[in-house]
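Pasted below: coords_19.cif, mmCIF, C-alpha atoms.
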data_structure
loop_
_atom_site.label_atom_id
_atom_site.label_comp_id
_atom_site.auth_asym_id
_atom_site.auth_seq_id
_atom_site.Cartn_x
_atom_site.Cartn_y
_atom_site.Cartn_z
CA MET B 1 56.63 145.16 16.40
CA TYR B 2 59.06 143.84 18.96
CA GLY B 3 60.08 147.36 19.84
CA ASP B 4 56.45 148.24 20.53
CA THR B 5 56.01 145.37 22.96
CA MET B 6 59.18 146.48 24.68
CA LYS B 7 57.81 149.96 25.02
CA ASP B 8 54.51 148.60 26.30
CA LYS B 9 56.38 146.53 28.84
CA GLU B 10 58.37 149.53 30.03
CA ALA B 11 55.20 151.60 30.29
CA LEU B 12 53.44 148.87 32.26
CA ILE B 13 56.33 148.52 34.68
CA GLN B 14 56.41 152.29 35.08
CA ASP B 15 52.65 152.35 35.77
CA PHE B 16 52.82 149.57 38.34
CA SER B 17 55.78 151.16 40.11
CA THR B 18 54.00 154.50 40.31
CA GLU B 19 50.92 152.77 41.73
CA LEU B 20 53.04 150.96 44.32
CA ARG B 21 54.76 154.14 45.36
CA ARG B 22 51.57 156.19 45.46
CA GLY B 23 50.23 154.02 48.25
CA THR B 24 53.20 154.81 50.46
CA ILE B 25 53.52 158.55 49.93
CA ILE B 26 51.09 159.67 52.64
CA MET B 27 52.63 157.33 55.17
CA VAL B 28 56.13 158.58 54.45
CA VAL B 29 55.08 162.24 54.57
CA LEU B 30 53.32 161.73 57.91
CA SER B 31 56.36 159.92 59.28
CA GLN B 32 58.51 163.04 58.74
CA LEU B 33 56.15 165.48 60.41
CA PHE B 34 56.53 164.62 64.09
CA GLU B 35 58.64 167.76 63.99
CA LYS B 36 57.73 170.97 62.27
CA GLU B 37 58.71 171.27 58.63
CA TYR B 38 57.86 173.71 55.87
CA GLY B 39 57.36 172.72 52.27
CA TYR B 40 60.89 173.12 50.99
CA SER B 41 62.63 171.73 54.09
CA LEU B 42 60.40 168.66 53.95
CA SER B 43 61.12 168.07 50.29
CA GLN B 44 64.86 168.28 51.00
CA LYS B 45 64.57 165.94 53.95
CA LEU B 46 62.72 163.40 51.79
CA GLU B 47 65.35 163.69 49.11
CA SER B 48 68.11 162.97 51.62
CA LEU B 49 66.13 159.88 52.65
CA ASP B 50 66.16 158.67 49.02
CA TYR B 51 62.41 159.16 48.84
CA PRO B 52 62.10 162.28 46.71
CA ILE B 53 58.56 163.51 46.12
CA GLU B 54 58.00 165.99 43.34
CA THR B 55 57.11 169.38 44.72
CA ASN B 56 53.99 169.61 42.63
CA THR B 57 52.79 166.47 44.40
CA LEU B 58 54.09 167.28 47.87
CA TYR B 59 52.78 170.82 48.35
CA PRO B 60 49.16 170.15 47.46
CA LEU B 61 49.32 166.95 49.51
CA LEU B 62 50.31 168.89 52.65
CA ARG B 63 47.33 171.12 52.14
CA ARG B 64 44.97 168.17 51.70
CA LEU B 65 46.29 166.40 54.78
CA GLU B 66 45.73 169.61 56.73
CA LYS B 67 42.17 169.77 55.46
CA GLN B 68 41.69 166.19 56.67
CA ASN B 69 42.86 167.33 60.12
CA LEU B 70 45.91 165.09 60.05
CA LEU B 71 48.28 168.06 60.01
CA ILE B 72 48.36 171.39 61.79
CA SER B 73 49.89 174.36 60.03
CA GLU B 74 51.09 177.70 61.28
CA TRP B 75 52.82 180.67 59.74
CA ASP B 76 56.11 181.52 61.40
CA THR B 77 56.86 185.18 60.89
CA GLN B 78 59.65 185.43 63.46
CA GLU B 79 62.42 184.60 61.00
CA THR B 80 63.60 186.91 58.23
CA ARG B 81 61.37 185.00 55.83
CA PRO B 82 57.87 183.94 56.79
CA ARG B 83 57.28 180.20 56.44
CA LYS B 84 54.34 177.92 56.77
CA PHE B 85 55.17 175.01 59.04
CA TYR B 86 53.31 171.74 59.24
CA HIS B 87 53.31 169.09 61.96
CA LEU B 88 51.19 166.10 62.92
CA SER B 89 47.96 166.72 64.78
CA PRO B 90 46.96 164.28 67.54
CA LEU B 91 44.63 162.68 65.02
CA GLY B 92 47.49 162.53 62.53
CA LYS B 93 49.66 160.71 65.05
CA GLU B 94 46.93 158.15 65.73
CA VAL B 95 46.31 157.59 62.05
CA TYR B 96 50.04 157.24 61.41
CA GLN B 97 50.40 154.59 64.16
CA GLU B 98 47.53 152.61 62.69
CA MET B 99 49.00 152.87 59.23
CA MET B 100 52.36 151.63 60.49
CA THR B 101 50.76 148.51 61.93
CA THR B 102 48.88 147.92 58.71
CA TRP B 103 52.02 148.50 56.68
CA LYS B 104 54.08 146.02 58.73
CA ASN B 105 51.44 143.31 58.51
CA TYR B 106 51.00 144.00 54.85
CA ASN B 107 54.74 143.93 54.26
CA ASN B 108 54.98 140.56 56.00
CA SER B 109 52.21 138.98 54.02
CA VAL B 110 53.49 140.37 50.73
CA ASN B 111 56.98 139.04 51.50
CA LYS B 112 55.49 135.69 52.41
CA ALA B 113 53.62 135.59 49.13
CA ILE B 114 56.42 136.67 46.81
CA GLY B 115 59.40 135.59 48.92
CA GLU B 116 59.71 132.11 47.48
CA LYS B 117 59.28 133.23 43.93
CA LEU B 118 62.11 135.72 43.71
CA MET O 1 62.54 186.35 39.70
CA ASN O 2 60.03 188.08 37.53
CA LEU O 3 59.14 184.75 35.97
CA VAL O 4 58.38 183.26 39.40
CA TYR O 5 55.90 186.03 40.18
CA LYS O 6 54.23 185.54 36.85
CA TYR O 7 53.99 181.83 37.55
CA ILE O 8 52.48 182.51 40.97
CA GLU O 9 49.98 184.98 39.53
CA VAL O 10 48.77 182.49 36.93
CA PHE O 11 48.71 179.76 39.58
CA LYS O 12 46.64 181.95 41.92
CA SER O 13 44.14 182.80 39.22
CA TYR O 14 43.07 179.15 39.15
CA LEU O 15 42.68 178.80 42.92
CA PRO O 16 39.41 179.22 44.81
CA GLN O 17 39.06 182.66 46.37
CA ASP O 18 39.32 181.57 50.00
CA ILE O 19 42.73 179.89 49.71
CA LYS O 20 44.19 182.04 46.94
CA GLU O 21 46.45 184.35 48.97
CA ASP O 22 47.58 181.80 51.54
CA VAL O 23 48.46 179.05 49.09
CA GLY O 24 49.93 181.51 46.61
CA LEU O 25 52.28 183.00 49.20
CA GLU O 26 53.26 179.58 50.52
CA LEU O 27 54.18 178.32 47.07
CA GLN O 28 56.09 181.49 46.28
CA LEU O 29 58.15 181.23 49.47
CA ASN O 30 58.85 177.56 48.87
CA ILE O 31 60.06 178.27 45.36
CA GLU O 32 62.21 181.14 46.59
CA ASP O 33 63.67 178.96 49.34
CA ARG O 34 64.59 176.42 46.77
CA LEU O 35 66.15 178.95 44.42
CA GLY O 36 68.29 180.64 47.04
CA GLU O 37 69.23 184.29 46.97
CA TYR O 38 70.75 184.76 43.53
CA PRO O 39 69.41 182.18 41.17
CA THR O 40 70.36 182.16 37.50
CA GLN O 41 67.70 182.33 34.83
CA VAL O 42 68.42 178.71 33.95
CA GLU O 43 67.78 177.58 37.53
CA ILE O 44 64.52 179.51 37.70
CA GLU O 45 63.31 178.01 34.47
CA ALA O 46 64.27 174.51 35.57
CA VAL O 47 62.31 174.82 38.82
CA LEU O 48 59.22 176.22 37.14
CA LEU O 49 59.33 173.56 34.45
CA GLU O 50 59.49 170.92 37.15
CA MET O 51 56.44 172.43 38.88
CA GLY O 52 54.65 172.12 35.57
CA ASP O 53 51.49 173.77 34.29
CA PRO O 54 50.24 176.18 37.00
CA LYS O 55 46.66 175.36 36.05
CA ILE O 56 47.15 171.66 36.74
CA LEU O 57 49.03 172.43 39.94
CA ALA O 58 46.16 174.64 41.16
CA LYS O 59 43.73 171.83 40.38
CA GLU O 60 45.70 169.60 42.75
CA TYR O 61 44.83 171.99 45.57
CA ASN O 62 41.16 171.86 44.87
CA PRO O 63 40.34 168.38 43.69
CA SER O 64 36.89 168.14 42.21
CA PRO O 65 35.63 165.60 39.71
CA ASN O 66 36.99 166.09 36.24
CA TYR O 67 33.81 165.05 34.57
CA LEU O 68 30.45 166.52 33.72
CA ILE O 69 28.57 163.25 33.96
CA GLY O 70 29.87 160.63 36.36
CA PRO O 71 29.95 156.86 36.18
CA LEU O 72 26.65 156.58 38.05
CA TYR O 73 24.71 158.26 35.26
CA TYR O 74 26.98 157.65 32.29
CA ASP O 75 25.21 154.57 30.94
CA SER O 76 21.77 156.16 30.98
CA TYR O 77 23.15 159.31 29.42
CA ILE O 78 24.75 157.38 26.56
CA LEU O 79 21.64 155.26 26.08
CA LEU O 80 19.43 158.33 25.77
CA LEU O 81 21.96 160.06 23.57
CA LYS O 82 22.17 157.09 21.21
CA THR O 83 18.42 156.69 20.93
CA LEU O 84 16.91 160.15 21.29
CA VAL O 85 19.33 162.12 19.11
CA PRO O 86 18.81 160.06 15.91
CA ILE O 87 15.14 159.24 16.51
CA LEU O 88 14.11 162.80 17.29
CA GLY O 89 16.36 164.26 14.62
CA LEU O 90 14.86 162.06 11.93
CA SER O 91 11.24 162.17 13.03
CA VAL O 92 11.11 165.92 13.48
CA GLY O 93 12.85 166.27 10.12
CA VAL O 94 10.25 164.03 8.49
CA LEU O 95 7.42 165.87 10.22
CA ASP O 96 8.76 169.16 8.96
CA SER O 97 9.13 167.79 5.42
CA ILE O 98 5.54 166.55 5.35
CA ILE O 99 4.35 169.97 6.39
CA GLN O 100 6.55 171.68 3.84
CA LEU O 101 5.14 169.39 1.15
CA LEU O 102 1.58 170.09 2.27
CA ASN O 103 2.34 173.77 1.98
CA GLY O 104 3.50 173.22 -1.58
CA GLY O 105 7.25 173.51 -1.05
CA SER O 106 9.56 172.41 -3.84
CA TRP O 107 11.48 169.15 -3.46
CA LEU O 108 14.79 170.94 -3.17
CA SER O 109 13.60 173.26 -0.41
CA VAL O 110 12.02 170.29 1.37
CA ILE O 111 15.29 168.35 1.30
CA ILE O 112 17.31 171.32 2.54
CA SER O 113 14.77 172.03 5.25
CA PHE O 114 14.76 168.33 6.24
CA LEU O 115 18.54 168.34 6.70
CA ALA O 116 18.54 171.61 8.60
CA THR O 117 15.66 170.61 10.88
CA SER O 118 17.13 167.17 11.60
CA PHE O 119 20.51 168.65 12.39
CA ASN O 120 19.04 171.36 14.63
CA THR O 121 16.82 168.93 16.48
CA ALA O 122 19.70 166.51 17.02
CA LEU O 123 21.83 169.35 18.34
CA TYR O 124 19.09 170.61 20.66
CA THR O 125 18.42 167.10 21.95
CA TRP O 126 22.10 166.56 22.63
CA GLY O 127 22.41 169.91 24.39
CA TRP O 128 19.34 169.52 26.58
CA LEU O 129 20.17 165.94 27.53
CA THR O 130 23.68 166.94 28.52
CA LEU O 131 22.33 169.85 30.53
CA VAL O 132 19.77 167.72 32.37
CA PHE O 133 22.36 165.06 33.20
CA ALA O 134 24.96 167.63 34.23
CA ILE O 135 22.40 169.14 36.61
CA ILE O 136 21.58 165.71 38.04
CA GLN O 137 25.30 165.04 38.47
CA TYR O 138 26.02 168.44 39.98
CA SER O 139 23.13 168.39 42.41
CA THR O 140 23.80 164.88 43.65
CA LYS O 141 27.60 164.63 43.32
CA ASP O 142 28.15 160.91 43.60
CA LYS O 143 25.69 160.55 46.40
CA SER O 144 22.46 158.85 45.66
CA LEU O 145 19.96 160.86 43.75
CA PHE O 146 17.85 162.43 46.53
CA ASN O 147 17.95 158.93 47.98
CA ILE O 148 16.03 157.74 44.98
CA VAL O 149 18.87 155.49 43.96
CA PRO O 150 18.69 152.75 46.55
CA LYS O 151 21.87 152.39 48.58
CA TRP O 152 23.39 148.97 48.23
CA SER O 153 23.45 146.74 51.29
CA LEU O 154 22.84 143.10 52.11
CA GLU O 155 19.45 144.05 53.52
CA SER O 156 18.66 145.84 50.30
CA LEU O 157 19.36 142.57 48.50
CA GLU O 158 16.64 140.94 50.55
CA LYS O 159 14.21 143.73 49.97
CA GLN O 160 15.09 144.44 46.40
CA ASN O 161 12.41 143.51 44.06
CA VAL O 162 13.83 141.71 41.11
CA ALA O 163 10.32 140.93 39.92
CA LYS O 164 9.79 142.01 36.36
CA SER O 165 6.97 144.36 37.32
CA TYR O 166 9.50 146.55 39.18
CA GLN O 167 11.94 146.86 36.30
CA VAL O 168 11.73 150.02 34.29
CA ASN O 169 11.04 149.22 30.67
CA ARG O 170 13.58 151.49 29.03
CA THR O 171 12.17 151.15 25.55
CA GLU O 172 8.74 152.19 26.81
CA GLU O 173 10.22 155.26 28.47
CA ILE O 174 12.19 156.24 25.39
CA VAL O 175 9.09 155.89 23.21
CA SER O 176 7.18 158.00 25.72
CA ILE O 177 9.85 160.71 25.64
CA VAL O 178 9.89 160.74 21.84
CA PHE O 179 6.10 161.06 21.61
CA SER O 180 5.98 163.76 24.27
CA ILE O 181 8.50 165.83 22.36
CA ILE O 182 6.85 165.27 18.98
CA PHE O 183 3.43 166.23 20.37
CA LEU O 184 4.98 169.25 21.98
CA ILE O 185 6.49 170.31 18.67
CA ILE O 186 3.18 169.75 16.87
CA PHE O 187 1.35 171.84 19.44
CA TYR O 188 3.98 174.49 19.45
CA LYS O 189 4.73 174.86 15.76
CA TYR O 190 2.40 173.00 13.48
CA MET O 191 -1.06 173.35 14.99
CA ASN O 192 -2.36 175.33 12.02
CA VAL O 193 -1.46 172.54 9.61
CA LEU O 194 -4.39 170.37 10.63
CA ALA O 195 -6.85 172.20 8.46
CA VAL O 196 -9.22 172.10 5.51
CA TYR O 197 -7.53 173.47 2.43
CA ILE O 198 -9.77 175.31 0.01
CA THR O 199 -8.90 176.73 -3.33
CA VAL O 200 -10.45 180.04 -4.23
CA ASN O 201 -9.56 181.40 -7.67
CA GLY O 202 -6.47 179.22 -7.80
CA GLU O 203 -5.18 180.33 -4.40
CA VAL O 204 -5.00 177.89 -1.50
CA PHE O 205 -6.50 178.92 1.82
CA SER O 206 -6.37 176.83 4.95
CA VAL O 207 -8.93 176.85 7.71
CA PRO O 208 -7.29 175.36 10.83
CA ALA O 209 -9.21 172.66 12.65
CA PHE O 210 -8.35 173.98 16.08
CA ASN O 211 -9.03 177.30 17.63
CA ILE O 212 -5.42 178.48 17.62
CA PRO O 213 -5.70 181.28 20.26
CA VAL O 214 -7.42 178.87 22.66
CA LEU O 215 -4.71 176.27 22.15
CA GLN O 216 -2.05 178.90 22.62
CA SER O 217 -3.53 179.87 25.95
CA LEU O 218 -3.27 176.21 26.94
CA LEU O 219 0.31 175.97 25.79
CA PRO O 220 1.94 176.62 29.22
CA PHE O 221 -0.03 173.72 30.73
CA ILE O 222 0.86 171.47 27.82
CA ILE O 223 4.56 172.31 28.06
CA PHE O 224 4.54 171.84 31.83
CA THR O 225 2.88 168.44 31.57
CA ALA O 226 5.21 167.29 28.81
CA VAL O 227 8.35 168.47 30.63
CA VAL O 228 7.32 166.77 33.87
CA GLY O 229 6.60 163.59 31.93
CA ILE O 230 9.96 163.70 30.15
CA LEU O 231 11.89 164.33 33.38
CA VAL O 232 10.09 161.49 35.16
CA SER O 233 10.95 159.20 32.24
CA ILE O 234 14.62 160.21 32.37
CA LEU O 235 14.68 159.58 36.13
CA LYS O 236 13.13 156.17 35.59
CA ILE O 237 15.79 155.28 33.03
CA VAL O 238 18.57 156.52 35.31
CA ILE O 239 17.33 154.56 38.29
CA GLY O 240 16.17 151.56 36.33
CA LYS O 241 13.82 150.38 39.03
CA LEU O 242 10.38 151.32 40.22
CA THR O 243 11.33 152.35 43.73
CA LYS O 244 8.91 154.00 46.12
CA PRO O 245 9.78 157.60 45.23
CA ILE O 246 9.66 156.76 41.54
CA LEU O 247 6.21 155.22 41.90
CA TRP O 248 5.02 158.33 43.72
CA LEU O 249 6.47 160.52 40.98
CA ASN O 250 4.71 158.34 38.44
CA ILE O 251 1.39 158.85 40.17
CA LEU O 252 2.00 162.59 40.38
CA ASP O 253 2.86 162.64 36.68
CA TYR O 254 -0.43 160.96 35.74
CA PHE O 255 -2.39 163.30 38.01
CA ILE O 256 -0.86 166.26 36.22
CA GLY O 257 -1.84 164.59 32.95
CA ILE O 258 -5.44 164.11 34.12
CA SER O 259 -5.58 167.74 35.28
CA LEU O 260 -4.53 168.82 31.79
CA LEU O 261 -7.24 166.56 30.39
CA PHE O 262 -9.88 168.28 32.51
CA ILE O 263 -8.62 171.65 31.38
CA PHE O 264 -9.11 170.47 27.81
CA VAL O 265 -12.61 169.20 28.54
CA GLY O 266 -13.40 172.54 30.14
CA TYR O 267 -12.62 174.37 26.89
CA PRO O 268 -15.65 173.76 24.68
CA ASN O 269 -14.46 176.13 21.95
CA LEU O 270 -11.40 174.09 21.12
CA ILE O 271 -12.51 173.56 17.55
CA ASN O 272 -12.50 176.42 15.09
CA PRO O 273 -16.16 177.17 14.11
CA ASP O 274 -15.06 178.16 10.58
CA PHE O 275 -13.50 174.76 10.20
CA VAL O 276 -16.83 173.08 11.01
CA GLN O 277 -18.62 175.24 8.44
CA GLU O 278 -16.02 174.58 5.74
CA LEU O 279 -16.13 170.86 6.47
CA ALA O 280 -19.94 170.89 6.23
CA LYS O 281 -19.61 172.43 2.76
CA VAL O 282 -17.06 169.86 1.63
CA ILE O 283 -18.72 166.69 2.95
CA PRO O 284 -21.90 165.84 1.08
CA ASN O 285 -25.17 165.35 2.96
CA SER O 286 -23.86 166.93 6.14
CA SER O 287 -24.85 169.93 8.20
CA VAL O 288 -22.94 172.06 10.71
CA SER O 289 -24.70 170.38 13.59
CA THR O 290 -23.92 166.83 12.46
CA ILE O 291 -20.25 167.72 11.92
CA GLU O 292 -20.15 169.39 15.33
CA HIS O 293 -21.73 166.37 16.92
CA TRP O 294 -19.30 164.06 15.15
CA ILE O 295 -16.21 166.06 16.17
CA ASN O 296 -17.33 166.43 19.78
CA THR O 297 -18.08 162.73 20.06
CA SER O 298 -14.65 161.78 18.77
CA LEU O 299 -12.99 164.31 21.08
CA TYR O 300 -14.79 162.83 24.06
CA ILE O 301 -13.85 159.33 23.00
CA VAL O 302 -10.18 160.41 22.91
CA TYR O 303 -10.52 162.10 26.32
CA PHE O 304 -12.16 159.01 27.70
CA ILE O 305 -9.45 156.67 26.42
CA VAL O 306 -6.68 158.89 27.83
CA PHE O 307 -8.54 159.09 31.14
CA ILE O 308 -8.95 155.31 31.38
CA ILE O 309 -5.27 154.73 30.54
CA SER O 310 -4.21 157.27 33.19
CA ILE O 311 -6.46 155.76 35.83
CA TYR O 312 -5.20 152.29 34.97
CA SER O 313 -1.57 153.48 35.28
CA ILE O 314 -2.23 155.21 38.60
CA GLY O 315 -3.93 152.07 39.84
CA LYS O 316 -0.97 149.96 38.77
CA SER O 317 1.51 152.28 40.52
CA VAL O 318 -0.57 152.30 43.70
CA TYR O 319 -0.75 148.52 43.60
CA LEU O 320 3.05 148.20 43.19
CA LEU O 321 3.54 150.72 45.98
CA PHE O 322 1.21 148.79 48.24
CA LYS O 323 3.00 145.52 47.52
CA LEU O 324 6.37 147.15 48.16
CA ASP O 325 5.16 148.50 51.51
CA ASN O 326 3.91 145.11 52.60
CA LYS O 327 7.15 143.46 51.58
CA SER O 328 9.39 145.81 53.49
CA LYS O 329 7.50 145.26 56.72
#
Hey, can you dump this file as structure tokens for me?
Amino acid sequence: MYGDTMKDKEALIQDFSTELRRGTIIMVVLSQLFEKEYGYSLSQKLESLDYPIETNTLYPLLRRLEKQNLLISEWDTQETRPRKFYHLSPLGKEVYQEMMTTWKNYNNSVNKAIGEKL
Amino acid sequence: MNLVYKYIEVFKSYLPQDIKEDVGLELQLNIEDRLGEYPTQVEIEAVLLEMGDPKILAKEYNPSPNYLIGPLYYDSYILLLKTLVPILGLSVGVLDSIIQLLNGGSWLSVIISFLATSFNTALYTWGWLTLVFAIIQYSTKDKSLFNIVPKWSLESLEKQNVAKSYQVNRTEEIVSIVFSIIFLIIFYKYMNVLAVYITVNGEVFSVPAFNIPVLQSLLPFIIFTAVVGILVSILKIVIGKLTKPILWLNILDYFIGISLLFIFVGYPNLINPDFVQELAKVIPNSSVSTIEHWINTSLYIVYFIVFIISIYSIGKSVYLLFKLDNKSK
């Protein structure tokens, strides 16, 4: 019985953490695309920043952001291996700036709310 | 690397045609980049396992709703499922049993036929309902149903008519659907059961009351009217409110009904002449002409009642429409 509640608690914490992180993924991905990156290089870069995103989340996300006109993609066939590079579109840059402002304000108010209760 | 290609092939097979090659190649190159030039089998397997089910991964590239019937229509769907499936299953089963008994079926065969008919009817009802709702869902996505579902806004709060006369009475609509379907089944399958049964030398003959070929020629109109009526009822249940388009549909529905009525009136040979003669023989002190007169009179009374009800309903819808128009000005 007690073990079950423990498991429930772990599952709940896991769920909440995933939810929290989910909200930040797009912002973080956009933040890394001021310069051109291809799928694998981006996933490595994120890993080195201690923000690893699973490839099966990251690759489809790039595609969706491109469809929403936030990213521009192009195939580079100059190198020995062709690669599809992504970078921020002008719209993507604008959206990212707005999101940063929102994030900072949000961060402040969240800290204000939970700060005293830590 | 063979395994990677297989993975990519399966992955591609789940992608929409227009992005298949591009996305497939991109994923393949990304996986190869990650694996380096000479990966071991273990490394390959680890990467593919991390990517997970290629079908689910492909779905991520083409997100579309994972449901047949969305939250907007779910409640109505479940309501109709819960009511229509058992009610129609049972009533059609009972109807069939009565007819089997009239035809002199044994109890055992009647019970078996009852179970089979009920089960079939329930299954058909479930299937058709799901189909209709899936079509509604598919054709409207989550947008409002051809703008029939009123979009929510503060203004709409002001305009919205919470008066009882604008609420759809769900029970009424369900009853109407059930009767439409039962009548349809009677017309379609059991028309020859309404008959005089005569015994000649121990054998039972039936003389149907209606002129079956005439009724059969009317069948397309009857089906059309019933289907329109059923669809309008389902729409009413889904939307839950008598909005302008719904009121117009209601009026249209009754006009179609009245048209069918006039078609019926225009068919004087609806009754089987043999039936009249047989009835005249069975009923004492009657002649063919009195029976004919009696049947025609009752038919016209039925027509008249249906006509009055339809006119009343049209009038009511027009009145509600008129009031709604005045209110929104």
When the PyMOL selection byres ((chain B and resi 70) around 7) is applied to the structure above, which residues does it catch, written out as a ChimeraX atom specification?
/B:65-66,68-69,71-72,88-89,91-92
Compile a residue-level contact table for chain B against chain O at a cut-off of 10 Å, reporting for every qualifying residue the shortest atom pair and its distance in Å to one decimal, with only C-alpha atoms counted, rows ordered by chain and ascending number, as JSON lines.
{"residue": "B:Tyr38", "atom": "CA", "partner": "O:Asn30", "partner_atom": "CA", "distance": 8.1}
{"residue": "B:Gly39", "atom": "CA", "partner": "O:Asn30", "partner_atom": "CA", "distance": 6.1}
{"residue": "B:Tyr40", "atom": "CA", "partner": "O:Asn30", "partner_atom": "CA", "distance": 5.3}
{"residue": "B:Ser41", "atom": "CA", "partner": "O:Asn30", "partner_atom": "CA", "distance": 8.7}
{"residue": "B:Ser43", "atom": "CA", "partner": "O:Arg34", "partner_atom": "CA", "distance": 9.7}
{"residue": "B:Gln44", "atom": "CA", "partner": "O:Arg34", "partner_atom": "CA", "distance": 9.2}
{"residue": "B:Glu54", "atom": "CA", "partner": "O:Met51", "partner_atom": "CA", "distance": 8.0}
{"residue": "B:Thr55", "atom": "CA", "partner": "O:Met51", "partner_atom": "CA", "distance": 6.6}
{"residue": "B:Asn56", "atom": "CA", "partner": "O:Met51", "partner_atom": "CA", "distance": 5.3}
{"residue": "B:Thr57", "atom": "CA", "partner": "O:Glu60", "partner_atom": "CA", "distance": 7.9}
{"residue": "B:Tyr59", "atom": "CA", "partner": "O:Leu27", "partner_atom": "CA", "distance": 7.7}
{"residue": "B:Pro60", "atom": "CA", "partner": "O:Tyr61", "partner_atom": "CA", "distance": 5.1}
{"residue": "B:Leu61", "atom": "CA", "partner": "O:Tyr61", "partner_atom": "CA", "distance": 7.8}
{"residue": "B:Leu62", "atom": "CA", "partner": "O:Tyr61", "partner_atom": "CA", "distance": 9.5}
{"residue": "B:Arg63", "atom": "CA", "partner": "O:Tyr61", "partner_atom": "CA", "distance": 7.1}
{"residue": "B:Arg64", "atom": "CA", "partner": "O:Tyr61", "partner_atom": "CA", "distance": 7.2}
{"residue": "B:Trp75", "atom": "CA", "partner": "O:Glu26", "partner_atom": "CA", "distance": 9.3}
{"residue": "B:Arg81", "atom": "CA", "partner": "O:Leu29", "partner_atom": "CA", "distance": 8.1}
{"residue": "B:Pro82", "atom": "CA", "partner": "O:Leu29", "partner_atom": "CA", "distance": 7.8}
{"residue": "B:Arg83", "atom": "CA", "partner": "O:Leu29", "partner_atom": "CA", "distance": 7.1}
{"residue": "B:Lys84", "atom": "CA", "partner": "O:Glu26", "partner_atom": "CA", "distance": 6.6}
{"residue": "B:Phe85", "atom": "CA", "partner": "O:Glu26", "partner_atom": "CA", "distance": 9.9}
Hits from the PyMOL selection byres ((chain B and resi 32-34) around 8), listed as number ranges by chain:
B: 28-31, 35-37, 42, 86-88, 93
Write a file of the just-selected residues containing C-alpha atoms, as a PDB file, keeping the file's coordinate frame.
ATOM      1  CA  VAL B  28      56.130 158.580  54.450  1.00  0.00           C
ATOM      2  CA  VAL B  29      55.080 162.240  54.570  1.00  0.00           C
ATOM      3  CA  LEU B  30      53.320 161.730  57.910  1.00  0.00           C
ATOM      4  CA  SER B  31      56.360 159.920  59.280  1.00  0.00           C
ATOM      5  CA  GLU B  35      58.640 167.760  63.990  1.00  0.00           C
ATOM      6  CA  LYS B  36      57.730 170.970  62.270  1.00  0.00           C
ATOM      7  CA  GLU B  37      58.710 171.270  58.630  1.00  0.00           C
ATOM      8  CA  LEU B  42      60.400 168.660  53.950  1.00  0.00           C
ATOM      9  CA  TYR B  86      53.310 171.740  59.240  1.00  0.00           C
ATOM     10  CA  HIS B  87      53.310 169.090  61.960  1.00  0.00           C
ATOM     11  CA  LEU B  88      51.190 166.100  62.920  1.00  0.00           C
ATOM     12  CA  LYS B  93      49.660 160.710  65.050  1.00  0.00           C
TER      13      LYS B  93
END
Hey, can you check how far atom CA of O:Phe114 sits from atom CA of O:Ser97?
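Separation of atom CA of O:Phe114 and atom CA of O:Ser97: 5.7 Å.
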Which residues, written as number ranges by chain, have at least one atom at most 9 Å from O:Phe221, with all atoms listed in the file counted and residues fewer than 5 positions away on the same chain left out?
O: 226, 260, 263
Could you name the residues that touch O:Ser289 at 9 Å or less, counting all atoms listed in the file, but leaving out those on the same chain fewer than 5 positions away, as a VMD selection string?
chain O and resid 276 280 294
For the residues in the current selection, export C-alpha atoms as a compact mmCIF listing (two decimals), in the frame of the given file.
# COMPACT_ATOMS: atom_id res chain seq x y z
CA VAL O 276 -16.83 173.08 11.01
CA ALA O 280 -19.94 170.89 6.23
CA TRP O 294 -19.30 164.06 15.15
Just how far from atom CA of O:Thr243 is atom CA of O:Val318, in Å to one decimal?
11.9 Å
To box stretch 81-96 of chain B, take all atoms listed in the file, fit an axis-aligned box, add 5 Å on each side, and give centre and edge lengths in Å to one decimal, as JSON.
{"center_x": 53.0, "center_y": 171.1, "center_z": 61.7, "size_x": 26.7, "size_y": 37.8, "size_z": 21.7}
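Taking atom CA of B:Tyr51 and atom CA of B:Arg22 as endpoints, the distance between them is 11.7 Å.
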May I have the residues at most 12 Å from (17.6, 169.7, 13.8) in the file's coordinates, counting all atoms listed in the file, as a list in words?
Val85, Pro86, Ile87, Leu88, Gly89, Leu90, Ser91, Val92, Gly93, Val94, Leu95, Asp96, Ile112, Ser113, Phe114, Leu115, Ala116, Thr117, Ser118, Phe119, Asn120, Thr121, Ala122, Leu123, Tyr124, Thr125, Trp126 and Gly127 of chain O
Write out as a ChimeraX atom specification the residues lying within 10 Å of O:Leu261, counting all atoms listed in the file and excluding same-chain residues fewer than 4 positions away.
/O:222,255-257,265-266,303-304,306-307
Using all atoms listed in the file, pick whichever of B:Ala113, B:Glu74, B:Leu46, B:Pro90 has the shortest atom-to-atom distance to B:Ile25.
B:Leu46
Expansion of the PyMOL selection byres ((chain O and resi 132) around 12) into residues, as JSON, numbers by chain:
{"O": [68, 69, 73, 76, 77, 80, 81, 125, 126, 127, 128, 129, 130, 131, 133, 134, 135, 136, 137, 138, 139, 227, 230, 231, 232, 234, 235, 238]}
Selected residue of minimal separation from O:Ser217 among O:Gly229, O:Glu21, O:His293, O:Phe264, counting all atoms listed in the file
O:Phe264
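Using only C-alpha atoms, the nearest neighbour of O:Gly315 within the list O:Leu108, O:Leu279, O:Val4, O:Leu247 is O:Leu247.
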Pick out the residues sitting within 10 Å of B:Met27, and hand them over as a ChimeraX atom specification; count only C-alpha atoms, and ignore anything fewer than 6 positions along from it in its own chain.
/B:95-97,99-100,103
